[in-house]
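Here's the structure we're looking at; comments come further down.
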Protein chains: 2
Amino acid sequence: MPSISLELKTAMSDSAAEVERLMALLLPETGMAEQKLFDSMRYGALGGGKRLRPFLVMSSAKLFGVSDKAATRTAAAVEFIHCYSLIHDDLPAMDNSDLRRGKPTVHKAFDDATAVLAGDALLTYAFEILADRETHEDPNVRCNLVTALSRAAGSTGMVGGQMLDLIAETTPLDIGAITRLQRMKTGELIAFSCEAGAILGKAQPPQRQALRAFAHDLGLAFQIIDDLLDAEGSEARTGKSVGRDEKAGKATFVSILGHERARAQANLLADQAVRHLGIFEGRAKNLEQVARFVVERDF
Amino acid sequence: MPSISLELKTAMSDSAAEVERLMALLLPETGMAEQKLFDSMRYGALGGGKRLRPFLVMSSAKLFGVSDKAATRTAAAVEFIHCYSLIHDDLPAMDNSDLRRGKPTVHKAFDDATAVLAGDALLTYAFEILADRETHEDPNVRCNLVTALSRAAGSTGMVGGQMLDLIAETTPLDIGAITRLQRMKTGELIAFSCEAGAILGKAQPPQRQALRAFAHDLGLAFQIIDDLLDAEGSEARTGKSVGRDEKAGKATFVSILGHERARAQANLLADQAVRHLGIFEGRAKNLEQVARFVVERDF
């Protein structure tokens with residue numbers, strides 16, 4: 001297996017640094033009495049993570065000549081949604097995780113109530129950012145972003161998937177049900193990230209559809225590898241609690257397919273994802289490489 | 001003190017029924033594997049509450065000839081935000097309340113994890129509803145709604161106020177700090193509800209400002225009465241746990257001002273609220289009456 005190219009590594013860390021700068025600016029240290037809320041939001045959102053979703057936004061935006069400002073703000077909004085979901089997911093009432101990105105989780109570093117509020121505030125803020133004139137001059141584009149992100153993040157997407165994930169702890173799922181669960185839980189937000197460039201750049205429908213198809217395969221491949229890392233990985237390498245699915249007796253791609261077939265399936269999906277990018281005639285190098293990265297990563 | 005007029009009672013229950021019908025339509029029973037999520041959202045959002053915020057939206061919208069559909073959808077979005085905040089507020093990690101609107105709270109009727117997700121989903125859904133073309137033909141209006149609601153509901157508004165409320169359990173607050181806390185915690189969402197009509201109807205700035213000033217006085221009066229009901233009320237009458245502030249040793253308007261001065265202050269605020277409506281030359285009867293209702297209610 002070839003290792004991740006230096007080119008992709010540089011592109012990803014440049015994009016992560018750019019989005020991180022904006023995220024820090026968007027989360028001010030107010031010095032007001034409620035500063036603890038902003039501290040917990042910053043703690044949960046800044047200084048960590050692969051920033052995969054922002055990279056997908058930035059890469060898809062580049063395909064359509066979208067301004068850096070529009071792309072970075074949209075990337076920050078998506079990442080705030082992702083971070084809020086991790087904060088709530090880690091709560092004792094949910095996954096009860098103590099470790100995330102190599103640090104104590106938000107409810108460990110602060111307290112449960114503050115973690116609930118930090119998540120709520122980040123979620124709300126994502127929509128404030130998207131609806132702001134600063135994000136795009138065309139209000140139709142801003143509305144389209146809010147619509148697409150809310151659908152991807154809400155009951156028909158990520159939150160619905162998390163509900164299914166809870167149900168999976170007590171109800172055995174078959175491979176079809178797990179695929180639907182993962183499409184909702186992680187796939188929809190990844191799909192939004194890839195489509196965001198097309199929304200911002202008012203792309204033609206076939207291009208937007210190609211990005212959506214790419215994202216769906218990418219998201220599934222990503223999740224299969226996540227399951228493999230959870231089953232095989234170490235906390236030191238992944239920076240989060242591992243072995244949780246097995247302990248919870250939860251059906252995953254790995255528990256149903258076995259390690260080898262799961263990895264083969266992830267590779268197949270990555271190949272398929274790349275083929276959807278054909279419509280861009282070689283201009284989507286970043287996205288092609290990210291599909292490779294997703295199945296080759298060990299963290 | 002005059003009792004609440006029959007006219008207002010009828011107007012409030014008509015508006016509540018209309019918004020409730022739409023809320024029920026917006027929260028479908030999907031029959032999918034994640035149905036439990038929708039059940040908990042319906043449980044937390046439907047069949048109860050004074051629907052004060054929707055009534056404010058509907059009443060302010062009438063001042064500017066806004067369509068019923070636009071007003072009702074906006075009212076539903078605000079109420080979903082209000083209901084999500086109650087669901088999260090009632091969690092064991094937060095206020096740990098077992099009773100709400102005379103029924104077990106969402107985490108009691110379902111479980112803590114489902115309550116977290118139901119709140120997240122309702123919050124997200126509010127923005128999906130506002131950004132939808134169905135709410136208003138003008139995308140600028142829809143963006144303005146999303147912007148105003150997210151600011152009212154997020155870290156600079158309701159969630160920030162809830163953080164202050166938590167801090168108030170261990171830090172003594174003076175009357176200025178309590179006023180700021182309540183403006184954020186309940187005032188901003190009430191202000192949005194009153195301004196929503198002006199946003200939907202593209203009203204002139206002085207009219208929007210008058211509604212905002214009205215709402216700020218109304219919100220504070222509302223909160224003082226809430227504190228009084230918490231201190232004096234019974235669970236049977238209010239349908240929720242009472243005496244919580246005193247038990248928590250929390251400073252409130254009542255603990256600082258005493259019962260009599262608190263009530264006098266609420267009445268003063270209600271008078272002041274009504275005066276801000278002068279600009280509408282008697283056309284804002286519903287809002288005038290609601291200011292009276294807020295200080296006269298016993299639930």
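In the structure tokens, chains take the letters A, B, ... in the order shown, each chain's residues start at 1, and ligands count up from 1 in the order shown.
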Could you give me the residues within region 45-187 of chain B that DSSP places in strand (DSSP E), as a list in words?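 The strand (DSSP E) residues within region 45-187 of chain B come out as Leu99, Arg100, Lys103 and Pro104 of chain B.
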Output C-alpha atoms for every residue in the selection just made, as a PDB file, in the first residue's frame.
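Below is the file that was written, part25.pdb:
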ATOM      1  CA  LEU B  99     -42.057  17.015  35.752  1.00  0.00           C
ATOM      2  CA  ARG B 100     -42.903  19.384  32.902  1.00  0.00           C
ATOM      3  CA  LYS B 103     -46.067  15.026  32.491  1.00  0.00           C
ATOM      4  CA  PRO B 104     -42.779  13.198  33.096  1.00  0.00           C
TER       5      PRO B 104
END
What's around Glu137 (chain B) at 12 Å? Count only C-alpha atoms, leave out sequence neighbours fewer than 5 positions away in its own chain, and write the answer as a compact mmCIF listing (two decimals) with N, CA and C atoms, in the first residue's frame.
# COMPACT_ATOMS: atom_id res chain seq x y z
N PRO A 139 -28.11 35.52 -1.05
CA PRO A 139 -28.88 34.93 0.06
C PRO A 139 -29.47 33.56 -0.29
N ASN A 140 -29.69 33.30 -1.59
CA ASN A 140 -30.17 31.97 -1.97
C ASN A 140 -29.12 30.91 -1.66
N CYS A 143 -29.12 30.34 2.10
CA CYS A 143 -30.27 29.50 2.49
C CYS A 143 -30.04 28.04 2.08
N VAL B 66 -48.47 39.76 7.15
CA VAL B 66 -47.71 38.57 6.76
C VAL B 66 -48.66 37.39 6.55
N SER B 67 -48.36 36.52 5.60
CA SER B 67 -49.23 35.38 5.34
C SER B 67 -49.26 34.45 6.55
N LYS B 69 -49.18 31.27 6.56
CA LYS B 69 -48.22 30.18 6.41
C LYS B 69 -46.85 30.60 6.92
N ALA B 70 -46.40 31.78 6.50
CA ALA B 70 -45.08 32.28 6.92
C ALA B 70 -45.03 32.43 8.43
N LEU B 130 -36.87 27.40 8.90
CA LEU B 130 -36.75 28.82 8.52
C LEU B 130 -36.11 29.01 7.15
N ALA B 131 -35.13 28.18 6.81
CA ALA B 131 -34.40 28.36 5.55
C ALA B 131 -35.19 27.86 4.35
N ASP B 132 -36.28 27.17 4.60
CA ASP B 132 -37.06 26.55 3.54
C ASP B 132 -37.87 27.61 2.78
N ARG B 142 -35.48 34.99 4.77
CA ARG B 142 -35.19 33.71 5.42
C ARG B 142 -33.83 33.77 6.12
N CYS B 143 -32.85 34.35 5.46
CA CYS B 143 -31.52 34.50 6.10
C CYS B 143 -31.62 35.38 7.35
N LEU B 200 -40.49 39.24 8.86
CA LEU B 200 -41.30 38.63 7.79
C LEU B 200 -41.99 39.69 6.94
N GLY B 201 -42.42 40.79 7.59
CA GLY B 201 -43.16 41.82 6.87
C GLY B 201 -42.28 42.95 6.37
Nearest to chain B by atom-to-atom distance, counting only C-alpha atoms, from A:Cys83, A:Leu22, A:Ala270, A:Ala121: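 Checking each of A:Cys83, A:Leu22, A:Ala270, A:Ala121 against chain B, counting only C-alpha atoms, the winner is A:Ala121.
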Just checking: using only C-alpha atoms, which residue out of B:Ala266, B:Arg212, B:Lys50, B:Leu173 ends up closest to Ala198 (chain B)?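 Checking each of B:Ala266, B:Arg212, B:Lys50, B:Leu173 against Ala198 (chain B), counting only C-alpha atoms, the winner is B:Arg212.
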Can you write out as a tab-separated table which residues of chain A fall within 8 Å of chain B, alongside each residue's closest atom pair and its distance in Å to one decimal, counting only C-alpha atoms and ordering rows by chain and ascending residue number?
residue	atom	partner	partner_atom	distance
A:Ala33	CA	B:Leu164	CA	7.0
A:Glu34	CA	B:Leu164	CA	5.6
A:Lys36	CA	B:Met163	CA	7.8
A:Leu37	CA	B:Met163	CA	6.4
A:Phe38	CA	B:Ser155	CA	7.8
A:His88	CA	B:Val116	CA	7.6
A:Ala93	CA	B:Ala113	CA	5.1
A:Met94	CA	B:Ala113	CA	5.2
A:Asp112	CA	B:Ala93	CA	5.6
A:Ala113	CA	B:Ala93	CA	5.1
A:Thr114	CA	B:Met163	CA	7.2
A:Val116	CA	B:His88	CA	7.6
A:Leu117	CA	B:Val159	CA	6.3
A:Asp120	CA	B:Asp120	CA	7.2
A:Ala121	CA	B:Gly154	CA	5.0
A:Leu122	CA	B:Gly154	CA	7.9
A:Leu123	CA	B:Thr124	CA	7.6
A:Thr124	CA	B:Gly154	CA	5.6
A:Tyr125	CA	B:Gly154	CA	6.5
A:Phe127	CA	B:Ser150	CA	6.7
A:Glu128	CA	B:Thr147	CA	5.2
A:Ala131	CA	B:Cys143	CA	5.3
A:Asp132	CA	B:Thr147	CA	6.7
A:Pro139	CA	B:Pro139	CA	5.4
A:Asn140	CA	B:Pro139	CA	5.4
A:Arg142	CA	B:Cys143	CA	7.1
A:Cys143	CA	B:Ala131	CA	5.3
A:Asn144	CA	B:Ala131	CA	7.5
A:Val146	CA	B:Ala131	CA	6.3
A:Thr147	CA	B:Glu128	CA	5.2
A:Ser150	CA	B:Glu128	CA	5.4
A:Arg151	CA	B:Glu128	CA	6.9
A:Ala153	CA	B:Thr124	CA	7.2
A:Gly154	CA	B:Ala121	CA	5.0
A:Ser155	CA	B:Ala121	CA	5.3
A:Val159	CA	B:Leu117	CA	6.3
A:Gly160	CA	B:Glu34	CA	6.3
A:Gly161	CA	B:Glu34	CA	7.8
A:Gln162	CA	B:Leu117	CA	7.8
A:Met163	CA	B:Glu34	CA	6.0
A:Leu164	CA	B:Glu34	CA	5.6
A:Ile167	CA	B:Glu34	CA	7.9
Expected answer as an NGL selection string: alpha helix (DSSP H) residues in region 180-298 of chain B: :B and (180-182 or 188-200 or 205-232 or 235-238 or 244-247 or 253-257 or 259-276 or 285-296)
Nearby residues (only C-alpha atoms) at most 9 Å from Ala76 (chain A), same-chain spacing under 2 positions excluded, as JSON, numbers by chain: {"A": [19, 20, 22, 23, 26, 54, 71, 72, 73, 74, 78, 79, 80, 81, 126, 129]}
Output C-alpha atoms for every residue in that selection, as a compact mmCIF listing (two decimals), in the first residue's frame.
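Full text of result_36.txt as output:
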# COMPACT_ATOMS: atom_id res chain seq x y z
CA VAL A 19 -9.77 26.88 9.12
CA GLU A 20 -8.42 26.64 12.67
CA LEU A 22 -10.92 31.32 11.55
CA MET A 23 -12.54 29.01 14.12
CA LEU A 26 -15.13 33.05 15.61
CA PRO A 54 -13.17 21.28 6.42
CA ALA A 71 -15.05 28.27 1.77
CA THR A 72 -13.32 28.78 5.11
CA ARG A 73 -16.45 30.06 6.84
CA THR A 74 -18.47 27.13 5.52
CA VAL A 78 -19.33 22.14 9.38
CA GLU A 79 -16.52 21.52 11.82
CA PHE A 80 -18.49 23.22 14.63
CA ILE A 81 -21.32 20.79 13.90
CA ALA A 126 -22.95 26.94 12.75
CA ILE A 129 -22.22 31.64 10.45
Could you name the residues that touch Gln223 (chain B) at 9 Å or less, counting only C-alpha atoms, but leaving out those on the same chain fewer than 5 positions away, as number ranges by chain? B: 182-183, 186-187, 218, 228, 253, 266
Atoms kept (C-alpha atoms) for selection, written as a tab-separated table (two decimals), in the first residue's frame:
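File produced: result.tsv:
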chain	number	residue	atom	x	y	z
B	182	GLN	CA	-32.74	36.67	32.33
B	183	ARG	CA	-32.54	38.91	29.26
B	186	THR	CA	-35.59	34.00	28.20
B	187	GLY	CA	-35.65	37.61	26.95
B	218	LEU	CA	-42.36	41.79	28.49
B	228	LEU	CA	-42.83	34.35	41.92
B	253	PHE	CA	-35.74	38.75	41.44
B	266	ALA	CA	-43.46	43.21	36.93
Find the distance between CA of Ala213 (chain B) and CA of Phe280 (chain B) and write it in Å to one decimal. 13.4 Å
So which one's closest to Met58 (chain A), A:Glu195, A:Asp227, A:Glu29, A:Glu7? Using only C-alpha atoms, please. A:Glu195
Using only C-alpha atoms, which of A:Ser60, A:Ile279, A:Glu232, A:Asn267 sits nearest Ala215 (chain A)?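 Using only C-alpha atoms, Ala215 (chain A) sits closest to A:Ser60.
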Which residues, written as a PDB file with N, CA and C atoms, in the first residue's frame, have at least one atom at most 7 Å from Phe222 (chain A), with only C-alpha atoms counted and residues fewer than 4 positions away on the same chain left out?
ATOM      1  N   LEU A 218     -17.020   7.549   0.038  1.00  0.00           N
ATOM      2  CA  LEU A 218     -15.947   7.962   0.947  1.00  0.00           C
ATOM      3  C   LEU A 218     -16.378   7.795   2.407  1.00  0.00           C
ATOM      4  N   ASP A 226     -12.824   3.306  10.556  1.00  0.00           N
ATOM      5  CA  ASP A 226     -13.035   3.691  11.957  1.00  0.00           C
ATOM      6  C   ASP A 226     -13.337   2.458  12.809  1.00  0.00           C
ATOM      7  N   VAL A 294      -8.127   8.112   3.457  1.00  0.00           N
ATOM      8  CA  VAL A 294      -9.144   7.634   4.403  1.00  0.00           C
ATOM      9  C   VAL A 294      -9.002   6.141   4.675  1.00  0.00           C
ATOM     10  N   VAL A 295      -8.628   5.380   3.660  1.00  0.00           N
ATOM     11  CA  VAL A 295      -8.504   3.932   3.904  1.00  0.00           C
ATOM     12  C   VAL A 295      -7.105   3.528   4.350  1.00  0.00           C
TER      13      VAL A 295
END
Separation of CA of Leu8 (chain A) from CA of Ala291 (chain A), in Å and rounded to one decimal: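 Interatomic distance here is 10.8 Å.
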What lies within 10 Å of Ala262 (chain A) using only C-alpha atoms, ignoring chain neighbours under 2 positions off, as a ChimeraX atom specification? /A:221,224-225,227-228,252-260,264-268
